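**Student:** So I've got this file, entry_34.cif, and it contains mmCIF, C-alpha atoms (C1' of nucleotides):
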```cif
data_data
#
loop_
_atom_site.label_atom_id
_atom_site.label_comp_id
_atom_site.auth_asym_id
_atom_site.auth_seq_id
_atom_site.Cartn_x
_atom_site.Cartn_y
_atom_site.Cartn_z
CA MET A 1 47.63 12.26 44.52
CA SER A 2 45.87 9.31 42.97
CA TYR A 3 42.97 9.78 40.62
CA ALA A 4 40.53 8.21 43.04
CA THR A 5 41.59 10.69 45.68
CA GLN A 6 40.78 13.56 43.38
CA VAL A 7 37.38 12.09 42.70
CA ILE A 8 36.56 11.91 46.38
CA ALA A 9 37.82 15.40 46.98
CA ALA A 10 35.71 16.70 44.13
CA SER A 11 32.67 14.83 45.42
CA LEU A 12 33.07 16.39 48.82
CA ARG A 13 33.27 19.85 47.36
CA ALA A 14 30.25 19.15 45.18
CA ALA A 15 28.29 17.92 48.17
CA ARG A 16 29.22 20.96 50.18
CA THR A 17 28.28 23.51 47.56
CA ALA A 18 25.14 21.56 46.80
CA LYS A 19 24.13 22.20 50.37
CA GLY A 20 24.97 25.85 50.10
CA LEU A 21 27.64 25.65 52.77
CA SER A 22 30.80 27.69 52.82
CA GLN A 23 34.12 26.13 53.74
CA ARG A 24 33.90 27.98 57.02
CA ASP A 25 30.43 26.58 57.68
CA LEU A 26 31.68 23.08 57.06
CA SER A 27 34.71 23.84 59.17
CA ALA A 28 32.44 24.48 62.11
CA LEU A 29 30.37 21.38 61.45
CA ALA A 30 33.24 19.00 60.89
CA GLY A 31 35.69 20.46 63.36
CA ILE A 32 38.36 20.96 60.74
CA PRO A 33 40.06 24.28 59.99
CA GLN A 34 38.86 26.03 56.88
CA ALA A 35 42.37 26.12 55.48
CA GLN A 36 42.58 22.36 55.72
CA ILE A 37 39.24 21.90 54.03
CA SER A 38 40.44 24.06 51.21
CA ARG A 39 43.55 21.95 50.80
CA ILE A 40 41.63 18.70 50.95
CA GLU A 41 39.07 19.80 48.42
CA ALA A 42 41.81 21.07 46.17
CA GLY A 43 43.53 17.70 46.36
CA THR A 44 46.82 19.17 47.44
CA VAL A 45 47.05 16.87 50.44
CA ASP A 46 46.58 13.19 51.14
CA PRO A 47 44.00 13.41 53.93
CA ARG A 48 43.70 11.08 56.86
CA VAL A 49 40.61 8.95 56.94
CA THR A 50 39.26 10.66 60.02
CA SER A 51 39.35 13.96 58.17
CA LEU A 52 37.40 12.54 55.27
CA ILE A 53 34.87 10.93 57.54
CA ALA A 54 34.42 14.08 59.57
CA MET A 55 33.70 16.05 56.44
CA ALA A 56 31.50 13.36 54.98
CA ASN A 57 29.41 13.04 58.11
CA ALA A 58 28.94 16.78 58.32
CA LEU A 59 27.60 16.57 54.78
CA ASP A 60 25.28 13.64 55.44
CA LEU A 61 27.50 11.29 53.51
CA GLU A 62 29.08 7.98 54.34
CA LEU A 63 32.40 6.62 53.26
CA THR A 64 31.80 3.06 52.12
CA LEU A 65 33.60 0.23 50.43
CA VAL A 66 31.83 -1.10 47.37
CA PRO A 67 32.77 -4.17 45.31
CA ARG A 68 33.85 -3.16 41.84
CA LYS A 69 31.14 -5.16 40.15
CA ALA A 70 28.50 -3.43 42.26
CA VAL A 71 29.73 0.08 41.56
CA PRO A 72 27.43 0.79 38.60
CA ALA A 73 24.36 -0.29 40.50
CA VAL A 74 25.36 1.74 43.50
CA LYS A 75 25.99 4.78 41.35
CA SER A 76 22.54 4.66 39.88
CA ILE A 77 21.03 4.37 43.34
CA VAL A 78 23.03 7.32 44.54
CA ARG A 79 21.77 9.34 41.60
CA GLN A 80 18.19 8.71 42.51
CA SER A 81 18.36 9.64 46.16
CA GLY A 82 21.38 11.84 46.43
CA GLY A 83 20.95 13.68 43.18
CA GLN A 84 19.52 16.94 44.40
CA ALA A 85 20.13 16.94 48.14
CA ASP A 86 17.69 18.84 50.28
CA PRO A 87 15.03 20.43 48.11
CA THR A 88 14.83 23.38 50.50
CA ARG A 89 18.40 24.53 51.07
CA GLY A 90 20.89 25.14 48.32
CA PRO A 91 23.25 27.66 46.80
CA SER A 92 20.58 29.00 44.51
CA GLN A 93 18.20 29.55 47.38
CA LYS A 94 19.58 32.97 48.19
CA GLU A 95 19.16 34.03 44.61
CA ILE A 96 15.63 32.80 44.55
CA THR A 97 14.54 34.70 47.60
CA ARG A 98 16.28 37.79 46.29
CA ILE A 99 14.50 37.46 43.00
CA ALA A 100 11.24 37.18 44.83
CA GLU A 101 12.08 40.30 46.79
CA THR A 102 13.07 42.34 43.77
CA LEU A 103 10.03 41.16 41.97
CA SER A 104 7.56 42.11 44.66
CA ARG A 105 9.35 45.40 45.16
CA LEU A 106 8.93 46.08 41.47
CA GLN A 107 5.31 45.17 41.64
CA VAL A 108 4.51 47.74 44.30
CA ALA A 109 6.80 50.37 42.77
CA MET A 110 5.18 50.22 39.35
CA PRO A 111 1.75 48.64 39.50
CA ASN A 112 0.92 50.07 36.09
CA LEU A 113 3.54 48.08 34.14
CA ASP A 114 1.65 44.91 33.42
CA GLY A 115 4.75 43.15 32.04
CA VAL A 116 6.05 43.06 35.58
CA MET A 117 2.88 41.45 36.78
CA ARG A 118 3.21 38.72 34.23
CA LEU A 119 6.76 38.06 35.32
CA GLN A 120 5.66 38.00 38.93
CA LYS A 121 2.98 35.49 38.18
CA THR A 122 5.03 33.09 36.10
CA PHE A 123 7.86 33.23 38.59
CA ALA A 124 5.57 32.47 41.50
CA ASP A 125 4.45 29.58 39.35
CA LEU A 126 7.91 28.25 38.60
CA GLN A 127 8.97 28.68 42.19
CA ARG A 128 6.84 25.75 43.22
CA PHE A 129 8.98 23.36 41.23
CA GLN A 130 12.63 22.57 40.82
CA LEU A 131 14.19 26.01 41.08
CA PRO A 132 16.89 25.06 43.61
CA THR A 133 18.41 22.71 41.04
CA ILE A 134 18.92 25.44 38.48
CA GLU A 135 22.44 26.78 38.10
CA PRO A 136 22.85 29.94 40.14
CA GLU A 137 24.18 31.78 37.08
CA THR A 138 20.87 31.57 35.35
CA LEU A 139 19.12 32.89 38.39
CA ARG A 140 21.66 35.63 38.81
CA ALA A 141 21.12 36.68 35.24
CA LEU A 142 17.42 36.90 35.82
CA ARG A 143 17.82 38.96 38.95
CA LYS A 144 20.26 41.36 37.29
CA ALA A 145 17.84 41.88 34.49
CA LEU A 146 15.01 42.52 36.90
CA GLU A 147 17.00 45.04 38.90
CA ARG A 148 17.66 47.10 35.83
CA ILE A 149 13.97 47.60 35.34
CA GLU A 150 14.10 50.01 38.25
CA VAL A 151 16.32 52.30 36.22
CA PRO A 152 13.88 54.34 34.11
CA SER A 153 16.08 54.74 31.04
CA PHE A 154 16.44 50.98 30.70
CA GLN A 155 12.91 49.93 31.44
CA ILE A 156 11.84 48.54 28.10
CA GLU A 157 15.18 46.92 27.29
CA ALA A 158 15.43 45.46 30.79
CA LEU A 159 11.92 44.13 30.63
CA THR A 160 12.53 42.15 27.46
CA ARG A 161 15.78 40.87 28.94
CA SER A 162 13.90 39.76 31.99
CA GLN A 163 11.41 37.96 29.88
CA ASP A 164 14.24 36.27 28.02
CA ALA A 165 15.81 35.17 31.26
CA MET A 166 12.51 33.88 32.54
CA GLN A 167 12.09 31.98 29.30
CA LYS A 168 15.50 30.42 29.75
CA LEU A 169 14.48 29.32 33.20
CA ARG A 170 11.37 27.72 31.79
CA ASN A 171 13.45 25.90 29.23
CA GLN A 172 15.80 24.53 31.82
CA LEU A 173 12.91 23.23 33.81
CA ALA A 174 11.38 21.82 30.66
CA HIS A 175 13.89 19.09 30.03
CA GLN A 176 14.49 18.17 33.60
CA PRO A 177 13.13 14.96 35.16
CA PHE A 178 10.20 17.05 36.39
CA VAL A 179 9.66 16.19 40.00
CA PRO A 180 6.29 17.34 41.34
CA PRO A 181 6.41 19.80 44.29
CA GLU A 182 6.28 17.38 47.21
CA ASP A 183 7.14 13.82 48.27
CA ALA A 184 9.87 11.95 46.43
CA SER A 185 8.28 9.97 43.62
CA PRO A 186 9.88 6.72 42.41
CA ARG A 187 11.24 8.16 39.19
CA PRO A 188 12.25 5.38 36.76
CA ALA A 189 15.91 4.41 36.69
CA TYR A 190 16.12 4.53 32.94
CA SER A 191 15.65 8.27 32.83
CA LEU A 192 19.05 8.84 34.37
CA ASP A 193 21.74 10.17 32.12
CA GLU A 194 23.96 12.57 33.99
CA ASP A 195 27.27 11.22 35.11
CA ASP A 196 29.30 13.38 37.42
CA ALA A 197 29.91 12.69 41.10
CA MET B 1 40.05 6.21 66.04
CA SER B 2 36.45 6.95 65.10
CA TYR B 3 33.88 4.22 64.86
CA ALA B 4 33.51 4.64 61.13
CA THR B 5 37.23 4.14 60.74
CA GLN B 6 37.03 0.85 62.59
CA VAL B 7 34.23 -0.28 60.33
CA ILE B 8 36.24 0.42 57.22
CA ALA B 9 39.28 -1.30 58.66
CA ALA B 10 37.21 -4.34 59.55
CA SER B 11 35.66 -4.40 56.09
CA LEU B 12 39.06 -4.38 54.49
CA ARG B 13 40.23 -7.26 56.60
CA ALA B 14 37.04 -9.14 55.83
CA ALA B 15 37.48 -8.56 52.13
CA ARG B 16 41.06 -9.71 52.25
CA THR B 17 40.40 -12.94 54.12
CA ALA B 18 37.37 -13.56 51.94
CA LYS B 19 39.74 -13.64 49.02
CA GLY B 20 42.09 -15.95 50.81
CA LEU B 21 44.92 -13.45 50.77
CA SER B 22 47.53 -13.06 53.47
CA GLN B 23 48.67 -9.64 54.61
CA ARG B 24 51.89 -10.25 52.74
CA ASP B 25 50.00 -11.09 49.58
CA LEU B 26 48.03 -7.90 49.86
CA SER B 27 51.21 -6.07 50.68
CA ALA B 28 52.61 -7.09 47.32
CA LEU B 29 49.41 -6.18 45.49
CA ALA B 30 48.86 -2.85 47.14
CA GLY B 31 52.45 -1.78 47.52
CA ILE B 32 52.13 -1.27 51.24
CA PRO B 33 54.35 -2.94 53.85
CA GLN B 34 52.77 -5.85 55.66
CA ALA B 35 53.41 -4.19 59.01
CA GLN B 36 51.42 -1.19 57.92
CA ILE B 37 48.54 -3.31 56.68
CA SER B 38 48.45 -5.01 60.02
CA ARG B 39 48.24 -1.67 61.82
CA ILE B 40 45.59 -0.35 59.48
CA GLU B 41 43.42 -3.43 59.79
CA ALA B 42 43.85 -3.36 63.54
CA GLY B 43 42.70 0.25 63.60
CA THR B 44 45.74 1.42 65.51
CA VAL B 45 46.49 4.11 62.96
CA ASP B 46 44.55 6.77 61.09
CA PRO B 47 45.45 5.85 57.52
CA ARG B 48 45.90 8.26 54.66
CA VAL B 49 43.35 8.04 51.92
CA THR B 50 45.88 6.82 49.41
CA SER B 51 46.64 3.87 51.65
CA LEU B 52 42.98 2.95 51.91
CA ILE B 53 42.47 3.27 48.20
CA ALA B 54 45.53 1.21 47.41
CA MET B 55 44.29 -1.59 49.62
CA ALA B 56 40.74 -1.30 48.36
CA ASN B 57 41.78 -1.44 44.73
CA ALA B 58 43.94 -4.46 45.34
CA LEU B 59 40.85 -6.10 46.78
CA ASP B 60 38.54 -5.11 43.94
CA LEU B 61 36.79 -2.56 46.08
CA GLU B 62 36.07 1.10 45.65
CA LEU B 63 35.94 3.81 48.24
CA THR B 64 32.80 5.80 47.60
CA LEU B 65 30.74 8.53 49.17
CA VAL B 66 27.11 7.59 49.67
CA PRO B 67 24.28 9.87 50.85
CA ARG B 68 22.99 8.77 54.22
CA LYS B 69 19.50 8.17 52.96
CA ALA B 70 20.82 5.90 50.22
CA VAL B 71 22.96 3.80 52.53
CA PRO B 72 20.40 1.05 53.17
CA ALA B 73 19.72 0.57 49.50
CA VAL B 74 23.42 0.49 48.71
CA LYS B 75 24.03 -2.03 51.44
CA SER B 76 21.48 -4.41 50.05
CA ILE B 77 23.00 -4.10 46.61
CA VAL B 78 26.42 -4.79 47.99
CA ARG B 79 25.09 -7.90 49.67
CA GLN B 80 23.79 -9.27 46.42
CA SER B 81 26.88 -8.82 44.31
CA GLY B 82 29.66 -8.65 46.84
CA GLY B 83 28.35 -11.44 49.01
CA GLN B 84 30.53 -14.29 47.91
CA ALA B 85 33.36 -12.66 46.02
CA ASP B 86 35.04 -14.68 43.32
CA PRO B 87 33.44 -18.12 43.13
CA THR B 88 36.80 -19.65 42.20
CA ARG B 89 39.30 -18.31 44.72
CA GLY B 90 38.74 -18.26 48.45
CA PRO B 91 40.15 -19.37 51.76
CA SER B 92 38.32 -22.67 51.58
CA GLN B 93 39.68 -23.44 48.16
CA LYS B 94 42.86 -24.95 49.51
CA GLU B 95 40.91 -27.26 51.77
CA ILE B 96 38.71 -28.33 48.92
CA THR B 97 41.56 -29.35 46.68
CA ARG B 98 43.22 -31.12 49.56
CA ILE B 99 40.06 -33.00 50.30
CA ALA B 100 39.85 -34.04 46.69
CA GLU B 101 43.44 -35.21 46.84
CA THR B 102 43.01 -37.24 50.00
CA LEU B 103 39.85 -38.68 48.66
CA SER B 104 41.29 -39.90 45.38
CA ARG B 105 44.37 -41.17 47.19
CA LEU B 106 42.06 -43.18 49.42
CA GLN B 107 40.21 -44.48 46.46
CA VAL B 108 43.28 -45.98 44.82
CA ALA B 109 44.76 -47.18 48.11
CA MET B 110 41.68 -49.14 49.13
CA PRO B 111 39.44 -49.87 46.15
CA ASN B 112 37.65 -52.58 48.11
CA LEU B 113 36.14 -50.25 50.72
CA ASP B 114 32.93 -49.19 49.01
CA GLY B 115 32.12 -46.60 51.71
CA VAL B 116 35.01 -44.58 50.36
CA MET B 117 33.61 -44.77 46.89
CA ARG B 118 30.32 -43.40 48.07
CA LEU B 119 32.08 -40.50 49.77
CA GLN B 120 34.09 -39.86 46.64
CA LYS B 121 30.98 -39.74 44.54
CA THR B 122 28.90 -37.49 46.74
CA PHE B 123 31.82 -35.13 47.21
CA ALA B 124 32.44 -34.87 43.51
CA ASP B 125 28.77 -34.09 43.33
CA LEU B 126 28.81 -31.38 45.96
CA GLN B 127 31.94 -29.86 44.55
CA ARG B 128 30.04 -28.54 41.58
CA PHE B 129 28.03 -26.25 43.81
CA GLN B 130 28.70 -23.73 46.51
CA LEU B 131 31.61 -25.29 48.34
CA PRO B 132 33.82 -22.19 48.44
CA THR B 133 31.22 -20.43 50.57
CA ILE B 134 31.34 -23.05 53.30
CA GLU B 135 33.28 -22.16 56.45
CA PRO B 136 36.78 -23.59 56.27
CA GLU B 137 36.32 -25.25 59.66
CA THR B 138 33.70 -27.59 58.31
CA LEU B 139 35.93 -28.51 55.44
CA ARG B 140 38.88 -29.00 57.71
CA ALA B 141 36.86 -31.32 59.89
CA LEU B 142 35.93 -33.39 56.88
CA ARG B 143 39.50 -33.63 55.69
CA LYS B 144 40.79 -34.60 59.13
CA ALA B 145 38.24 -37.34 59.30
CA LEU B 146 39.17 -38.59 55.87
CA GLU B 147 42.87 -38.66 56.66
CA ARG B 148 42.27 -40.88 59.64
CA ILE B 149 40.80 -43.52 57.41
CA GLU B 150 44.29 -44.27 56.24
CA VAL B 151 45.17 -45.43 59.75
CA PRO B 152 43.98 -49.05 59.83
CA SER B 153 43.01 -49.16 63.50
CA PHE B 154 40.62 -46.24 63.02
CA GLN B 155 39.07 -47.19 59.73
CA ILE B 156 35.53 -47.93 60.76
CA GLU B 157 35.29 -45.08 63.28
CA ALA B 158 36.92 -42.65 60.84
CA LEU B 159 34.60 -43.69 58.06
CA THR B 160 31.47 -42.94 60.03
CA ARG B 161 32.98 -39.64 61.13
CA SER B 162 33.67 -38.83 57.51
CA GLN B 163 30.12 -39.61 56.59
CA ASP B 164 28.93 -37.38 59.43
CA ALA B 165 31.13 -34.56 58.19
CA MET B 166 29.90 -35.05 54.66
CA GLN B 167 26.37 -34.94 55.93
CA LYS B 168 27.06 -31.70 57.73
CA LEU B 169 28.36 -30.29 54.48
CA ARG B 170 25.19 -31.33 52.72
CA ASN B 171 23.14 -29.64 55.40
CA GLN B 172 25.00 -26.41 55.09
CA LEU B 173 24.44 -26.42 51.38
CA ALA B 174 20.82 -27.32 51.92
CA HIS B 175 19.68 -24.05 53.42
CA GLN B 176 21.82 -21.81 51.34
CA PRO B 177 20.39 -19.69 48.49
CA PHE B 178 21.39 -22.50 46.13
CA VAL B 179 23.06 -20.93 43.16
CA PRO B 180 23.33 -23.28 40.17
CA PRO B 181 26.87 -24.06 38.94
CA GLU B 182 27.28 -21.28 36.38
CA ASP B 183 26.07 -17.77 35.46
CA ALA B 184 24.81 -15.47 38.20
CA SER B 185 21.06 -15.83 38.54
CA PRO B 186 18.95 -12.84 39.61
CA ARG B 187 18.31 -14.13 43.10
CA PRO B 188 15.44 -12.18 44.74
CA ALA B 189 16.35 -9.40 47.14
CA TYR B 190 13.97 -10.61 49.79
CA SER B 191 16.02 -13.69 50.48
CA LEU B 192 18.77 -11.62 52.06
CA ASP B 193 19.21 -11.86 55.77
CA GLU B 194 22.87 -11.63 56.69
CA ASP B 195 24.02 -8.31 58.01
CA ASP B 196 27.70 -7.84 58.64
CA ALA B 197 30.05 -5.60 56.62
"C1'" DT C 1 60.38 -31.86 67.04
"C1'" DA C 2 61.55 -28.65 63.50
"C1'" DT C 3 59.83 -25.85 59.94
"C1'" DC C 4 57.01 -22.62 57.79
"C1'" DA C 5 53.43 -19.13 57.04
"C1'" DT C 6 50.88 -15.63 59.26
"C1'" DG C 7 49.88 -11.70 61.87
"C1'" DA C 8 51.44 -8.51 65.48
"C1'" DT C 9 54.78 -5.43 67.39
"C1'" DG C 10 59.05 -2.52 68.24
"C1'" DC C 11 62.26 1.03 66.70
"C1'" DA C 12 64.51 4.82 64.28
"C1'" DC C 13 63.95 8.04 60.71
"C1'" DA C 14 61.97 10.34 56.90
"C1'" DA C 15 57.74 12.43 55.07
"C1'" DT C 16 53.52 14.53 55.54
"C1'" DT C 17 49.41 15.91 57.65
"C1'" DC C 18 47.25 18.94 60.87
"C1'" DT C 19 46.74 23.01 63.45
"C1'" DA C 20 46.63 27.97 64.44
"C1'" DC C 21 47.06 32.23 62.70
"C1'" DA C 22 47.67 35.45 59.28
"C1'" DT C 23 46.97 37.19 54.84
"C1'" DC C 24 45.66 37.92 50.15
"C1'" DG C 25 42.66 38.46 45.97
"C1'" DT C 26 38.07 38.39 44.37
"C1'" DC C 27 33.46 39.00 44.15
"C1'" DC C 28 29.47 41.21 45.65
"C1'" DA C 29 26.70 44.51 48.27
"C1'" DG C 30 25.72 48.69 50.58
"C1'" DC D 1 34.76 52.64 47.39
"C1'" DT D 2 34.51 50.47 51.68
"C1'" DG D 3 33.28 46.35 53.98
"C1'" DG D 4 32.11 41.58 54.23
"C1'" DA D 5 32.13 36.79 52.79
"C1'" DC D 6 34.67 33.36 50.53
"C1'" DG D 7 38.31 30.52 49.04
"C1'" DA D 8 43.32 30.03 48.52
"C1'" DT D 9 47.87 30.15 50.32
"C1'" DG D 10 51.96 30.80 53.57
"C1'" DT D 11 54.53 29.59 57.81
"C1'" DA D 12 56.20 27.30 61.96
"C1'" DG D 13 55.70 23.75 64.98
"C1'" DA D 14 53.48 19.64 66.87
"C1'" DA D 15 51.67 15.13 65.88
"C1'" DT D 16 51.28 11.11 63.30
"C1'" DT D 17 51.74 8.23 59.42
"C1'" DG D 18 54.71 5.59 56.46
"C1'" DT D 19 58.91 2.85 55.69
"C1'" DG D 20 62.43 -0.58 56.38
"C1'" DC D 21 63.96 -4.02 59.12
"C1'" DA D 22 63.87 -7.09 62.74
"C1'" DT D 23 61.49 -9.97 65.75
"C1'" DC D 24 58.12 -12.69 68.12
"C1'" DA D 25 54.12 -15.80 69.14
"C1'" DT D 26 51.08 -18.96 67.23
"C1'" DG D 27 49.14 -22.54 64.67
"C1'" DA D 28 49.51 -25.79 61.16
"C1'" DT D 29 52.47 -29.02 58.69
"C1'" DA D 30 55.98 -32.29 57.57
#
```
Written as structure tokens, that's how I'd like the structure from this file.
**Tutor:**
Amino acid sequence: MSYATQVIAASLRAARTAKGLSQRDLSALAGIPQAQISRIEAGTVDPRVTSLIAMANALDLELTLVPRKAVPAVKSIVRQSGGQADPTRGPSQKEITRIAETLSRLQVAMPNLDGVMRLQKTFADLQRFQLPTIEPETLRALRKALERIEVPSFQIEALTRSQDAMQKLRNQLAHQPFVPPEDASPRPAYSLDEDDA
Amino acid sequence: MSYATQVIAASLRAARTAKGLSQRDLSALAGIPQAQISRIEAGTVDPRVTSLIAMANALDLELTLVPRKAVPAVKSIVRQSGGQADPTRGPSQKEITRIAETLSRLQVAMPNLDGVMRLQKTFADLQRFQLPTIEPETLRALRKALERIEVPSFQIEALTRSQDAMQKLRNQLAHQPFVPPEDASPRPAYSLDEDDA
DNA sequence: TATCATGATGCACAATTCTACATCGTCCAG
DNA sequence: CTGGACGATGTAGAATTGTGCATCATGATA
């Protein structure tokens, strides 16, 4: 397939995962068999336009024709508004709620360990910001670390690991555009640097 | 076919004609049989993505995915830059050169008729501006009128018609954005009003 | 009138998508 | 380790595009 085709396919997959949808979810939304979606995303087929449009629409996207000379401008616009999709849903969302669960469970299970309380607090703090835009791996790592605290023999080691993970999270948030909790702020165009689809 | 498909098809046709290309021209550029281009533009088939991309590329367009919420912004950008395509080529270009030809031919054939000289002058004047963006019909009308001047029995009537046509041209240019001869000026976004694809 | 360019359409055949269903390997959770 | 979710892949058959070639109708031109 052509390069441009691959780009579109990749964009569709990115959009889907960004929304936390499985291929089967999208299949239901777009009315296209999961197998076909897999093939399209993988770029092993040359899809019909209706297929693309069905998928795009299901993902709140539109297939448009843009003059070459306008492409850069359009891209920067797309970054601003389309960059992080819905702030609420996302692939990391599951992780986040699970972390919250584990954390509160820990808190009631061992109210004496004050390290846990600190973690709880800082996490509750962070949670009000950009967490859904963090890579799921990072979140997974944090959760894993937290879960090991429940195993007595690993408590101290697991606690420091948890604090490390939490620190990492903080760092990631640190050099992000920093978008305040609610309402989309303008956010200057010159702060954009990323460049995927 | 879906509505969105029709829109894309129509856009492609618009882009092609805007560039003054025939389906056979595009066929050569895009490597797709003319018959197929006809069917695609007519919306009687559900094209493969590669076909769309081939056509788009040949027309200096790109097929992109745009988040729904960013669509309005993108559209306005596209208007600004994509609005009038290449200033040099266009469907009206042929007419323009032909007008120039007829006009200079007239000028040498009948140097005594000073009305012709005035037309010549004002046209040469206008030609340095936005002529390619004028509808071909208007230009055709002007040319037709000019050609009839060569027929003696119609001279006076044809001359006034020509002046009318020239006037119409002037008017059209009058309430256009007025872009000076060279280098794209910023042109404020609030002056946009058109709204097709 | 005759010619030419353009776009639309028909037809047969090859090529490929699309569908439905099944299945498989992996990762993760209970 | 058993089960579930997920994505990838296979297969057979139906549906449709894509191609090549021919043709036609129209409008403009000489």
**Student:** Residues of chain B within 12 Å of chain D, counting all atoms listed in the file - could you list those as a list in words?
**Tutor:**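 That gives the following set of residues: Gly31, Ile32, Pro33, Gln34, Ala35, Gln36, Ile37, Arg39, Ile40, Thr44, Val45, Asp46, Pro47, Arg48, Val49, Thr50, Ser51 and Arg140 of chain B.
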**Student:** Grab the CA of Arg13 (chain B) to CA of Gln6 (chain A) distance for me, in Å with one decimal place.
**Tutor:**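 Here the two named atoms are 24.7 Å from each other.
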**Student:** Report, in Å with one decimal, the straight-line distance from CA of Val74 (chain A) to CA of Ala18 (chain B).
**Tutor:**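 Taking CA of Val74 (chain A) as the start and CA of Ala18 (chain B) as the end point, the length is 21.2 Å.
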**Student:** Taking only C-alpha atoms into account, produce a table as a tab-separated table in which each residue of chain A with an atom at most 10 Å from an atom of chain B appears once, together with its shortest atom pair and the distance in Å to one decimal, ordered by chain and rising number.
**Tutor:**
```
residue	atom	partner	partner_atom	distance
A:Met1	CA	B:Thr50	CA	7.5
A:Ser2	CA	B:Thr50	CA	6.9
A:Tyr3	CA	B:Thr50	CA	9.7
A:Ala4	CA	B:Ile53	CA	7.4
A:Thr5	CA	B:Thr50	CA	6.9
A:Val7	CA	B:Thr64	CA	9.2
A:Ile8	CA	B:Thr64	CA	7.3
A:Ser11	CA	B:Leu65	CA	7.6
A:Leu12	CA	B:Leu65	CA	8.2
A:Ala15	CA	B:Pro67	CA	9.4
A:Val45	CA	B:Arg48	CA	9.7
A:Asp46	CA	B:Arg48	CA	6.1
A:Pro47	CA	B:Arg48	CA	5.5
A:Arg48	CA	B:Arg48	CA	4.2
A:Val49	CA	B:Pro47	CA	5.8
A:Thr50	CA	B:Asp46	CA	6.7
A:Ser51	CA	B:Asp46	CA	9.3
A:Leu52	CA	B:Val49	CA	8.2
A:Ile53	CA	B:Ala4	CA	7.4
A:Ala54	CA	B:Ser2	CA	9.2
A:Ala56	CA	B:Leu65	CA	7.6
A:Asn57	CA	B:Arg68	CA	8.6
A:Leu59	CA	B:Pro67	CA	8.4
A:Asp60	CA	B:Arg68	CA	5.5
A:Leu61	CA	B:Pro67	CA	4.4
A:Glu62	CA	B:Val66	CA	5.1
A:Leu63	CA	B:Leu65	CA	4.8
A:Thr64	CA	B:Thr64	CA	5.4
A:Leu65	CA	B:Leu63	CA	4.8
A:Val66	CA	B:Glu62	CA	5.1
A:Pro67	CA	B:Leu61	CA	4.4
A:Arg68	CA	B:Leu61	CA	5.2
A:Lys69	CA	B:Ser81	CA	7.0
A:Ala70	CA	B:Ser81	CA	6.0
A:Val71	CA	B:Glu62	CA	7.6
A:Ala73	CA	B:Ile77	CA	7.3
A:Val74	CA	B:Val74	CA	5.7
A:Lys75	CA	B:Val66	CA	8.9
A:Ser76	CA	B:Val74	CA	9.8
A:Ile77	CA	B:Val74	CA	7.0
A:Val78	CA	B:Ala70	CA	6.3
A:Arg79	CA	B:Ala70	CA	9.3
A:Gln80	CA	B:Ala70	CA	8.6
A:Ser81	CA	B:Ala70	CA	6.0
A:Gly82	CA	B:Pro67	CA	5.6
A:Gly83	CA	B:Pro67	CA	9.2
A:Ala85	CA	B:Pro67	CA	8.6
A:Ala197	CA	B:Leu65	CA	9.1
```
**Student:** Which chain C residues have any atom within 8 Å of an atom of chain B, and for each, what is the nearest pair of atoms with distance in Å to one decimal, counting all atoms listed in the file, rows sorted by chain and number, as CSV?
**Tutor:**
```
residue,atom,partner,partner_atom,distance
C:DT6,C1',B:Ser22,CA,7.2
C:DG7,C1',B:Ser38,CA,7.1
C:DA8,C1',B:Ser38,CA,7.1
```
**Student:** Spell out the residues picked by the PyMOL selection byres ((chain B and resi 102) around 10) here, as a PyMOL selection string.
**Tutor:** chain B and resi 96-101+103-107+120+143-144+146-147+149-150
**Student:** Box for region 12-22 of chain D - axis-aligned, 3 Å on each of the six sides, all listed atoms - centre and size in Å to one decimal, as JSON.
**Tutor:**
```
{"center_x": 57.6, "center_y": 10.1, "center_z": 61.3, "size_x": 18.7, "size_y": 40.4, "size_z": 17.2}
```
